[in-house]
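> You'll find run_10.cif just under this line, and it carries mmCIF, C-alpha atoms.
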data_target
loop_
_atom_site.label_atom_id
_atom_site.label_comp_id
_atom_site.auth_asym_id
_atom_site.auth_seq_id
_atom_site.Cartn_x
_atom_site.Cartn_y
_atom_site.Cartn_z
CA MET A 22 117.35 104.60 9.31
CA ALA A 23 120.83 103.10 9.36
CA THR A 24 122.34 106.41 10.36
CA SER A 25 119.85 106.85 13.20
CA THR A 26 120.53 103.32 14.46
CA GLU A 27 124.26 103.89 14.46
CA LYS A 28 124.02 107.16 16.43
CA THR A 29 121.87 105.84 19.22
CA PRO A 30 124.45 103.50 20.84
CA SER A 31 127.08 106.23 20.56
CA LEU A 32 124.85 108.72 22.33
CA ALA A 33 123.92 106.22 25.02
CA SER A 34 127.57 105.37 25.51
CA SER A 35 128.57 109.01 25.89
CA GLN A 36 125.84 109.56 28.48
CA GLN A 37 126.86 106.43 30.47
CA LYS A 38 130.50 107.47 30.85
CA THR A 39 131.49 109.41 33.98
CA ILE A 40 133.85 112.31 33.16
CA TYR A 41 135.89 112.59 36.35
CA SER A 42 138.17 115.39 35.09
CA ILE A 43 135.15 117.68 34.66
CA LEU A 44 133.60 116.56 37.96
CA PHE A 45 136.77 117.34 39.90
CA ALA A 46 137.20 120.65 38.05
CA ILE A 47 133.67 121.85 38.83
CA SER A 48 134.02 120.57 42.41
CA PHE A 49 137.24 122.57 42.79
CA VAL A 50 135.51 125.72 41.57
CA HIS A 51 132.64 124.95 43.95
CA LEU A 52 135.23 124.92 46.75
CA LEU A 53 136.59 128.31 45.66
CA ASN A 54 133.10 129.82 45.24
CA ASP A 55 131.83 128.68 48.63
CA SER A 56 135.11 129.69 50.29
CA MET A 57 134.40 133.24 49.16
CA GLN A 58 130.87 132.99 50.53
CA ALA A 59 132.32 131.62 53.77
CA VAL A 60 134.36 134.82 54.14
CA ILE A 61 131.15 136.57 55.24
CA PRO A 62 130.38 134.58 58.43
CA ALA A 63 134.13 134.20 59.02
CA ILE A 64 134.52 137.96 59.29
CA PHE A 65 131.53 138.42 61.62
CA PRO A 66 133.54 138.50 64.89
CA ILE A 67 135.87 141.10 63.34
CA LEU A 68 133.00 143.29 62.09
CA GLU A 69 131.22 143.04 65.44
CA LYS A 70 134.25 144.62 67.14
CA SER A 71 135.61 146.98 64.46
CA MET A 72 132.24 148.40 63.31
CA GLY A 73 130.23 147.74 66.47
CA LEU A 74 127.57 145.77 64.58
CA THR A 75 124.68 144.12 66.41
CA PHE A 76 123.63 140.48 65.99
CA THR A 77 120.66 141.75 63.97
CA GLN A 78 122.93 143.64 61.56
CA LEU A 79 125.14 140.55 61.18
CA GLY A 80 121.97 138.60 60.43
CA TRP A 81 121.03 141.11 57.72
CA ILE A 82 124.45 140.71 56.10
CA ALA A 83 124.03 136.91 56.00
CA PHE A 84 120.46 137.35 54.78
CA THR A 85 121.52 139.70 51.95
CA LEU A 86 124.20 137.31 50.72
CA ASN A 87 121.96 134.27 50.73
CA ILE A 88 118.75 135.87 49.52
CA THR A 89 120.56 137.52 46.56
CA SER A 90 121.98 134.14 45.61
CA SER A 91 118.81 132.18 46.32
CA VAL A 92 116.24 134.35 44.55
CA MET A 93 118.37 134.44 41.40
CA GLN A 94 119.34 130.74 41.33
CA PRO A 95 116.00 129.28 40.19
CA ILE A 96 115.64 132.17 37.71
CA VAL A 97 119.09 131.43 36.25
CA GLY A 98 118.23 127.71 36.22
CA TRP A 99 114.89 128.32 34.49
CA TYR A 100 116.61 130.48 31.87
CA THR A 101 119.43 128.03 31.15
CA ASP A 102 116.99 125.08 30.97
CA LYS A 103 115.60 126.78 27.87
CA THR A 104 118.70 128.37 26.35
CA THR A 105 122.39 127.57 25.87
CA SER A 106 124.74 129.71 27.96
CA PRO A 107 127.85 127.63 28.77
CA TYR A 108 130.08 130.72 29.17
CA LEU A 109 127.76 132.28 31.75
CA LEU A 110 129.83 130.48 34.41
CA PRO A 111 133.12 132.44 34.17
CA PHE A 112 131.38 135.77 33.61
CA GLY A 113 129.18 135.21 36.68
CA MET A 114 132.29 134.57 38.76
CA MET A 115 133.56 138.07 37.90
CA ALA A 116 130.75 139.51 40.07
CA SER A 117 132.17 137.57 43.03
CA LEU A 118 135.63 139.02 42.39
CA ILE A 119 134.26 142.58 42.46
CA GLY A 120 132.25 141.83 45.61
CA MET A 121 135.30 140.43 47.39
CA LEU A 122 137.26 143.60 46.65
CA GLY A 123 134.39 145.59 48.12
CA ILE A 124 134.45 143.58 51.37
CA ALA A 125 138.16 144.31 51.85
CA PHE A 126 137.74 148.09 51.54
CA ALA A 127 134.21 148.64 52.93
CA ASP A 128 134.04 151.26 55.69
CA SER A 129 130.36 151.03 56.61
CA PHE A 130 127.55 148.54 57.14
CA TYR A 131 125.91 149.61 53.86
CA MET A 132 129.11 149.10 51.85
CA ILE A 133 129.31 145.57 53.27
CA ILE A 134 125.72 144.97 52.13
CA ILE A 135 126.47 146.19 48.57
CA SER A 136 129.61 144.03 48.39
CA VAL A 137 127.86 140.83 49.47
CA ILE A 138 125.23 141.41 46.76
CA GLY A 139 128.03 141.02 44.19
CA ILE A 140 129.22 137.79 45.80
CA GLY A 141 125.62 136.56 45.95
CA LEU A 142 125.03 137.23 42.24
CA GLY A 143 128.19 135.32 41.31
CA SER A 144 127.03 132.39 43.40
CA ALA A 145 123.53 132.56 41.87
CA VAL A 146 124.98 131.98 38.43
CA PHE A 147 127.44 129.30 39.50
CA HIS A 148 125.27 126.89 41.52
CA PRO A 149 122.52 125.88 39.05
CA GLU A 150 124.97 125.77 36.14
CA GLY A 151 127.58 123.93 38.22
CA SER A 152 124.93 121.37 39.16
CA ARG A 153 124.07 120.98 35.48
CA VAL A 154 127.73 120.36 34.60
CA ALA A 155 127.89 117.68 37.32
CA TYR A 156 124.72 116.09 35.91
CA MET A 157 126.13 116.12 32.36
CA ALA A 158 129.45 114.59 33.49
CA ALA A 159 127.82 111.99 35.79
CA GLY A 160 127.08 109.25 33.27
CA ASN A 161 125.15 106.57 35.18
CA GLN A 162 126.60 107.57 38.59
CA ARG A 163 124.49 110.61 39.44
CA GLY A 164 124.61 110.14 43.21
CA LEU A 165 128.41 109.89 43.23
CA ALA A 166 128.77 112.80 40.79
CA GLN A 167 126.56 115.09 42.87
CA SER A 168 128.49 114.07 46.00
CA ILE A 169 131.81 114.98 44.37
CA TYR A 170 130.37 118.32 43.28
CA GLN A 171 128.80 119.15 46.66
CA VAL A 172 131.89 118.05 48.62
CA GLY A 173 133.74 120.90 46.95
CA GLY A 174 131.18 123.42 48.18
CA ASN A 175 131.02 122.02 51.70
CA SER A 176 134.81 121.97 51.88
CA GLY A 177 134.85 125.64 50.98
CA THR A 178 132.22 126.44 53.60
CA SER A 179 134.17 124.50 56.25
CA LEU A 180 137.13 126.84 55.74
CA ALA A 181 135.25 129.73 57.42
CA PRO A 182 136.61 129.11 60.95
CA VAL A 183 140.11 128.54 59.55
CA MET A 184 139.85 131.89 57.73
CA THR A 185 138.81 133.63 60.93
CA ALA A 186 141.67 132.16 62.95
CA LEU A 187 144.47 132.43 60.37
CA VAL A 188 143.46 135.39 58.18
CA PHE A 189 140.99 137.77 59.81
CA VAL A 190 142.23 137.70 63.41
CA PRO A 191 145.79 138.79 62.40
CA LEU A 192 144.91 140.87 59.26
CA GLY A 193 141.45 142.18 60.05
CA GLN A 194 138.87 143.03 57.40
CA PHE A 195 141.52 143.80 54.76
CA GLY A 196 142.41 140.09 54.73
CA ALA A 197 139.44 139.60 52.38
CA VAL A 198 141.52 141.03 49.54
CA TRP A 199 143.50 137.78 49.37
CA PHE A 200 140.36 135.91 48.34
CA THR A 201 140.14 137.79 45.05
CA SER A 202 142.78 135.30 43.90
CA PHE A 203 140.20 132.53 44.51
CA ALA A 204 137.83 134.23 42.07
CA ALA A 205 140.60 134.70 39.48
CA ILE A 206 141.57 131.00 39.63
CA ALA A 207 137.89 130.00 39.42
CA ILE A 208 137.38 132.12 36.29
CA PHE A 209 140.35 130.44 34.60
CA VAL A 210 139.10 126.90 35.40
CA LEU A 211 135.54 127.78 34.38
CA PHE A 212 136.63 128.79 30.88
CA TYR A 213 138.00 125.23 30.50
CA VAL A 214 134.80 123.68 31.91
CA SER A 215 132.60 125.91 29.74
CA GLY A 216 134.45 124.74 26.62
CA TRP A 217 133.60 121.12 27.47
CA TYR A 218 130.04 122.14 28.41
CA ALA A 219 129.53 123.78 24.99
CA ARG A 220 130.62 120.59 23.19
CA GLN A 221 128.08 118.48 25.13
CA LEU A 222 125.00 120.53 24.30
CA ALA A 223 124.00 118.23 21.41
CA HIS A 224 123.59 115.36 23.91
CA PHE A 225 121.56 117.41 26.41
CA PRO A 226 118.91 119.42 24.54
CA ARG A 227 117.01 122.12 26.43
CA VAL A 228 113.39 121.86 27.49
CA LYS A 229 110.99 122.30 24.58
CA LYS A 230 107.29 123.03 24.52
CA GLN A 231 105.25 119.87 24.27
CA THR A 232 102.29 119.43 21.95
CA GLY A 233 99.53 116.90 21.45
CA GLU A 234 99.50 113.96 23.85
CA LYS A 235 102.73 114.96 25.57
CA LYS A 236 101.15 118.22 26.70
CA ALA A 237 98.30 116.41 28.44
CA ILE A 238 99.74 115.98 31.93
CA ASP A 239 97.82 114.02 34.51
CA LYS A 240 96.50 116.68 36.93
CA LYS A 241 96.67 114.42 39.98
CA ARG A 242 100.30 113.50 39.25
CA LYS A 243 101.20 117.14 38.70
CA ASN A 244 99.69 118.10 42.06
CA GLN A 245 101.58 115.26 43.76
CA VAL A 246 104.86 116.50 42.29
CA ILE A 247 104.15 120.10 43.33
CA MET A 248 103.29 119.04 46.90
CA ALA A 249 106.38 116.83 47.12
CA MET A 250 108.64 119.63 45.85
CA ALA A 251 107.10 122.12 48.30
CA LEU A 252 107.70 119.70 51.19
CA LEU A 253 111.26 119.04 50.05
CA VAL A 254 111.97 122.79 49.94
CA PHE A 255 110.46 123.14 53.43
CA LEU A 256 112.70 120.36 54.78
CA VAL A 257 115.79 122.00 53.32
CA PHE A 258 114.51 125.29 54.72
CA GLY A 259 114.39 123.80 58.25
CA ARG A 260 117.79 122.17 57.85
CA SER A 261 119.21 125.50 56.66
CA TRP A 262 117.84 127.35 59.71
CA TYR A 263 119.70 124.92 61.94
CA PHE A 264 122.90 125.12 59.89
CA SER A 265 122.64 128.94 59.83
CA GLY A 266 122.21 129.08 63.59
CA ILE A 267 125.29 126.95 64.18
CA SER A 268 127.58 128.46 61.52
CA ASN A 269 126.70 132.12 62.18
CA TYR A 270 126.03 132.28 65.92
CA TYR A 271 127.41 129.25 67.77
CA GLN A 272 130.85 130.89 67.85
CA PHE A 273 129.34 133.68 69.98
CA TYR A 274 127.72 131.06 72.24
CA LEU A 275 131.13 129.47 72.78
CA ILE A 276 132.69 132.87 73.47
CA HIS A 277 129.97 134.11 75.84
CA ASP A 278 128.96 130.90 77.64
CA TYR A 279 132.25 128.95 77.64
CA ASP A 280 134.65 131.94 77.85
CA LEU A 281 136.60 130.92 74.74
CA THR A 282 138.57 133.31 72.56
CA ILE A 283 137.57 133.96 68.94
CA ARG A 284 140.41 131.75 67.73
CA GLN A 285 139.50 128.87 70.10
CA ALA A 286 135.84 128.99 69.05
CA GLN A 287 136.82 128.43 65.42
CA ILE A 288 138.25 124.98 66.22
CA TYR A 289 134.80 123.71 67.23
CA LEU A 290 133.12 125.22 64.17
CA PHE A 291 135.73 123.63 61.96
CA VAL A 292 134.96 120.20 63.47
CA PHE A 293 131.27 120.72 62.65
CA MET A 294 131.88 121.81 59.08
CA ALA A 295 134.68 119.36 58.28
CA SER A 296 132.54 116.43 59.44
CA GLY A 297 129.82 117.78 57.15
CA VAL A 298 132.19 117.41 54.20
CA LEU A 299 132.66 113.73 55.07
CA GLY A 300 128.90 113.28 55.45
CA THR A 301 128.27 114.87 52.06
CA PHE A 302 130.77 112.56 50.36
CA PHE A 303 129.52 109.32 51.91
CA GLY A 304 125.83 110.27 51.68
CA GLY A 305 125.59 109.55 47.94
CA PRO A 306 126.97 105.98 48.00
CA ILE A 307 124.96 105.16 51.16
CA ALA A 308 121.78 106.48 49.52
CA ASP A 309 122.40 104.16 46.56
CA ARG A 310 121.91 101.30 49.01
CA LEU A 311 119.31 102.68 51.44
CA GLY A 312 117.33 104.89 49.06
CA LYS A 313 117.28 108.67 48.69
CA ARG A 314 114.13 109.32 50.69
CA ASN A 315 115.38 107.10 53.52
CA MET A 316 118.67 109.01 53.58
CA ILE A 317 116.85 112.36 53.81
CA PHE A 318 114.73 111.00 56.68
CA TRP A 319 117.57 109.53 58.74
CA SER A 320 119.92 112.46 58.23
CA MET A 321 117.50 114.81 60.01
CA VAL A 322 115.80 112.45 62.47
CA GLY A 323 119.16 110.90 63.36
CA THR A 324 120.52 114.38 64.10
CA ALA A 325 117.58 115.39 66.32
CA PRO A 326 118.56 113.72 69.65
CA LEU A 327 122.15 114.95 69.34
CA ALA A 328 121.00 118.49 68.51
CA LEU A 329 118.65 118.49 71.52
CA LEU A 330 121.51 117.37 73.75
CA LEU A 331 124.09 119.91 72.49
CA PRO A 332 122.95 123.00 74.50
CA HIS A 333 123.12 121.07 77.79
CA VAL A 334 126.61 119.51 77.70
CA GLY A 335 129.99 120.64 78.96
CA LEU A 336 132.70 121.92 76.66
CA TRP A 337 134.39 118.49 76.60
CA ALA A 338 131.37 117.00 74.76
CA VAL A 339 130.86 119.77 72.19
CA ALA A 340 133.49 118.56 69.69
CA PRO A 341 132.35 114.89 69.51
CA LEU A 342 128.69 115.97 69.30
CA PHE A 343 129.57 118.50 66.60
CA PHE A 344 131.35 115.80 64.61
CA MET A 345 128.36 113.42 64.74
CA ILE A 346 125.79 116.16 64.03
CA GLY A 347 127.75 117.56 61.10
CA PHE A 348 128.32 114.13 59.56
CA ILE A 349 124.77 112.79 59.94
CA LEU A 350 123.00 116.02 58.94
CA ASN A 351 125.00 116.37 55.72
CA THR A 352 124.60 112.81 54.46
CA SER A 353 121.47 113.99 52.65
CA PHE A 354 123.01 117.20 51.28
CA SER A 355 123.77 115.96 47.76
CA VAL A 356 121.04 113.30 47.91
CA THR A 357 118.34 115.95 48.25
CA VAL A 358 119.43 117.55 44.95
CA VAL A 359 119.42 114.20 43.09
CA TYR A 360 116.00 113.33 44.58
CA ALA A 361 114.61 116.67 43.35
CA GLN A 362 116.12 116.18 39.87
CA GLU A 363 114.40 112.79 39.61
CA LEU A 364 111.16 114.23 40.97
CA VAL A 365 111.09 116.83 38.15
CA PRO A 366 113.09 115.35 35.27
CA GLY A 367 114.21 117.67 32.48
CA ARG A 368 114.40 120.74 34.71
CA ILE A 369 117.94 120.28 36.04
CA GLY A 370 118.82 123.97 36.35
CA MET A 371 115.55 125.19 37.84
CA VAL A 372 115.30 122.30 40.31
CA SER A 373 118.91 122.71 41.41
CA GLY A 374 118.25 126.42 41.87
CA LEU A 375 115.21 125.72 44.02
CA ILE A 376 116.94 123.21 46.29
CA VAL A 377 120.42 124.69 46.56
CA GLY A 378 119.30 128.29 46.08
CA LEU A 379 115.79 129.29 47.07
CA ALA A 380 115.45 126.84 49.95
CA PHE A 381 118.82 127.87 51.39
CA GLY A 382 118.00 131.53 50.82
CA MET A 383 114.75 131.15 52.71
CA GLY A 384 116.84 129.50 55.39
CA ALA A 385 118.96 132.67 55.40
CA LEU A 386 115.90 134.44 56.74
CA GLY A 387 116.73 132.43 59.84
CA SER A 388 119.94 134.47 60.18
CA VAL A 389 117.89 137.64 60.65
CA VAL A 390 115.27 136.03 62.90
CA LEU A 391 117.85 134.24 65.05
CA GLY A 392 119.99 137.38 65.28
CA LYS A 393 116.95 139.33 66.51
CA VAL A 394 116.09 136.58 69.00
CA ALA A 395 119.68 136.67 70.31
CA ASP A 396 119.54 140.48 70.71
CA VAL A 397 116.16 140.41 72.48
CA THR A 398 116.77 137.33 74.66
CA SER A 399 120.21 135.72 74.73
CA ILE A 400 122.51 133.67 72.55
CA SER A 401 121.95 130.71 74.91
CA TYR A 402 118.19 130.81 74.37
CA THR A 403 118.72 131.02 70.60
CA MET A 404 120.87 127.87 70.61
CA LEU A 405 118.21 126.07 72.65
CA LEU A 406 115.52 127.14 70.20
CA ILE A 407 117.24 125.84 67.07
CA SER A 408 117.93 122.45 68.65
CA PHE A 409 114.33 121.42 67.85
CA LEU A 410 114.60 122.09 64.09
CA PRO A 411 115.94 118.65 63.01
CA LEU A 412 112.66 117.12 64.28
CA LEU A 413 111.07 118.50 61.09
CA GLY A 414 112.71 115.53 59.37
CA LEU A 415 109.77 113.39 60.53
CA LEU A 416 107.77 114.98 57.69
CA THR A 417 109.98 113.13 55.18
CA VAL A 418 107.62 110.12 55.38
CA MET A 419 105.16 112.19 53.33
CA LEU A 420 107.54 112.29 50.32
CA PRO A 421 107.09 109.77 47.45
CA THR A 422 109.37 106.75 47.78
CA ASP A 423 112.25 106.11 45.38
CA ARG A 424 110.24 103.27 43.85
CA THR A 425 107.34 105.65 43.20
CA LEU A 426 109.66 108.09 41.43
CA GLU A 427 110.98 105.28 39.22
CA LYS A 428 107.40 104.25 38.40
CA TRP A 429 106.49 107.84 37.47
CA SER A 430 109.53 108.14 35.20
CA ARG A 431 108.44 105.06 33.22
CA GLU A 432 104.87 106.24 32.73
#
Would you mind writing the structure in this file as structure tokens?

Amino acid sequence: MATSTEKTPSLASSQQKTIYSILFAISFVHLLNDSMQAVIPAIFPILEKSMGLTFTQLGWIAFTLNITSSVMQPIVGWYTDKTTSPYLLPFGMMASLIGMLGIAFADSFYMIIISVIGIGLGSAVFHPEGSRVAYMAAGNQRGLAQSIYQVGGNSGTSLAPVMTALVFVPLGQFGAVWFTSFAAIAIFVLFYVSGWYARQLAHFPRVKKQTGEKKAIDKKRKNQVIMAMALLVFLVFGRSWYFSGISNYYQFYLIHDYDLTIRQAQIYLFVFMASGVLGTFFGGPIADRLGKRNMIFWSMVGTAPLALLLPHVGLWAVAPLFFMIGFILNTSFSVTVVYAQELVPGRIGMVSGLIVGLAFGMGALGSVVLGKVADVTSISYTMLLISFLPLLGLLTVMLPTDRTLEKWSRE
């Protein structure tokens, strides 16, 4: 009994402490990983000209990347919730390295598709396990920890327009070869992170089968959780359609409707994505004060009037509107993951895979649909269509409140 009593405070203490070195390391790898994913939309204007691809084909490329990642993420998360695989992280990143090499040397649409599958598989392994590392290193600051982790990813994504302007415009498709160094650096850092991860497993046991009373789950509560998770995935799905429309196709809208060059269009996309990084970082601390559900609600509903206005303004107003839309929309980015983790405690990997993976992958379907709409109608009509998507945020009122989640966790 004495031994058990002595271990408890030590364990509690270790779980309360925030390990910033690990958080910044996994955030840095998140930046590298999502930078490699951002190569795909960044190279779209080059592929459109060099290979003569249609908007629909570009949509299929984006769809393949995201659906490969998204379908596998909850599966990887489910598997690692039950088993111990700390060194899966660096080995998964090797698939991204191979895929990036393929992008640089691909000479056909189908070779591009095969290459992005490799990048997608690497991302599928990284995201749920990276989210788990952030959770393990968070201590009692889960909102802040998830923000630090997600800021890395959003920073990587925001580099897409910079890549287009500085790498792919002067170097063409072959410029992708330089990003294999990103994968190599990520693998090196992940071996360090995985070593720490392996030493923490005693404090974070995997999900075990429950027996007796613990197995008797209240059916009504279970249905409420399932409905709430389904709604949360749908909200992220709608948000992803909007983000996909802007990040993949708005550059063509700027080129066709505002007569900008490819390089000039990237400046506006960078404003949108860079402001999203700021929104992601500040969203966690703000949610600690306002509540997670409230943050999810206001991030989408607050974006709606600005998104509806965007297709009707002159070029002078695009940048300030982009900044506000990117910032507000992304304040709930990390918060949504933390909300889901608290909604389904004990399933960190699977839940992270559903929110960051499956929901975003379903949103990637929007790339194909929106590309087809743009081919059949016009890019202008497509931008008008997606401006209504943030209104889906009104459905957030149907989610359980933060207080309800706390009550459920105590019962």
> Could you pull the residues within 6 Å of range 362-370 of chain A, counting all atoms listed in the file, minus those fewer than 4 positions along the same chain, as JSON, numbers by chain?
{"A": [98, 102, 149]}
> Could you please take those selected residues and save C-alpha atoms as a short mmCIF file (atom, residue, chain, number, x, y, z; two decimals), in the coordinates of the input?

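Below is the file that was written, again-v1.cif:
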data_model
loop_
_atom_site.label_atom_id
_atom_site.label_comp_id
_atom_site.auth_asym_id
_atom_site.auth_seq_id
_atom_site.Cartn_x
_atom_site.Cartn_y
_atom_site.Cartn_z
CA GLY A 98 118.23 127.71 36.22
CA ASP A 102 116.99 125.08 30.97
CA PRO A 149 122.52 125.88 39.05
#
> If the PyMOL selection byres ((chain A and resi 327) around 9) is run on the structure shown, which residues does it catch, given as a PyMOL selection string?
chain A and resi 323-326+328-331+342-343+345-346+408
> Hey, which of A:Leu405, A:Gln272, A:Val246, A:Gly392 ends up closest to Tyr360 in chain A? Count all atoms listed in the file.
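Of all the options, A:Val246 lies closest to Tyr360 in chain A.
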> For Ala340 in chain A, work out the shell of residues within 9 Å, counting all atoms listed in the file and skipping chain neighbours fewer than 6 positions away, then give it as an MDAnalysis selection string.
chainID A and resid 288:290 292:293
> Using only C-alpha atoms, which of the listed residues (A:Leu110, A:Leu165, A:Val154, A:Ala286) sits closest to Leu222 in chain A?
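Ranking A:Leu110, A:Leu165, A:Val154, A:Ala286 by distance to Leu222 in chain A, first place goes to A:Val154.
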> Mind telling me what the PyMOL selection byres ((chain A and resi 398-402) around 12) catches here, as an NGL selection string?
:A and (76-77 or 266-267 or 269-279 or 331-333 or 390-397 or 403-408)
> Env of Gly123 in chain A: 8 Å cut, atoms = all atoms listed in the file, seq-sep filter 2 positions within chain, self excluded. Answer as a PyMOL selection string.
chain A and resi 119-121+125-127+132-133+135-136
> Need the shell around Ala197 in chain A: protein/DNA/RNA residues with any atom at most 9 Å away, counting only C-alpha atoms. Skip same-chain ones fewer than 2 positions apart. Format as a ChimeraX atom specification?
/A:57,60,64,121-126,188-189,192-195,199-201
> Any chance you could work out the residue set of the PyMOL selection byres ((chain A and resi 90) around 6) here, as a PDB file with C-alpha atoms, in the frame of the given file?

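Full text of part-v5.pdb as output:
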ATOM      1  CA  ASN A  87     121.960 134.270  50.730  1.00  0.00           C
ATOM      2  CA  ILE A  88     118.750 135.870  49.520  1.00  0.00           C
ATOM      3  CA  THR A  89     120.560 137.520  46.560  1.00  0.00           C
ATOM      4  CA  SER A  91     118.810 132.180  46.320  1.00  0.00           C
ATOM      5  CA  VAL A  92     116.240 134.350  44.550  1.00  0.00           C
ATOM      6  CA  MET A  93     118.370 134.440  41.400  1.00  0.00           C
ATOM      7  CA  GLY A 141     125.620 136.560  45.950  1.00  0.00           C
ATOM      8  CA  LEU A 142     125.030 137.230  42.240  1.00  0.00           C
ATOM      9  CA  SER A 144     127.030 132.390  43.400  1.00  0.00           C
ATOM     10  CA  ALA A 145     123.530 132.560  41.870  1.00  0.00           C
TER      11      ALA A 145
END
> Using only C-alpha atoms, can you tell me which of A:Thr422, A:Ser388, A:Ser179, A:Gln285 comes closest to Leu53 in chain A?
A:Ser179
> Distance CA of Leu299 in chain A-CA of Leu180 in chain A, one decimal place?
13.9 Å
> In terms of the shortest atom-to-atom distance over only C-alpha atoms, which of A:Gly139, A:Gly312, A:Gly174, A:Pro191 is closest to Glu427 in chain A?
A:Gly312
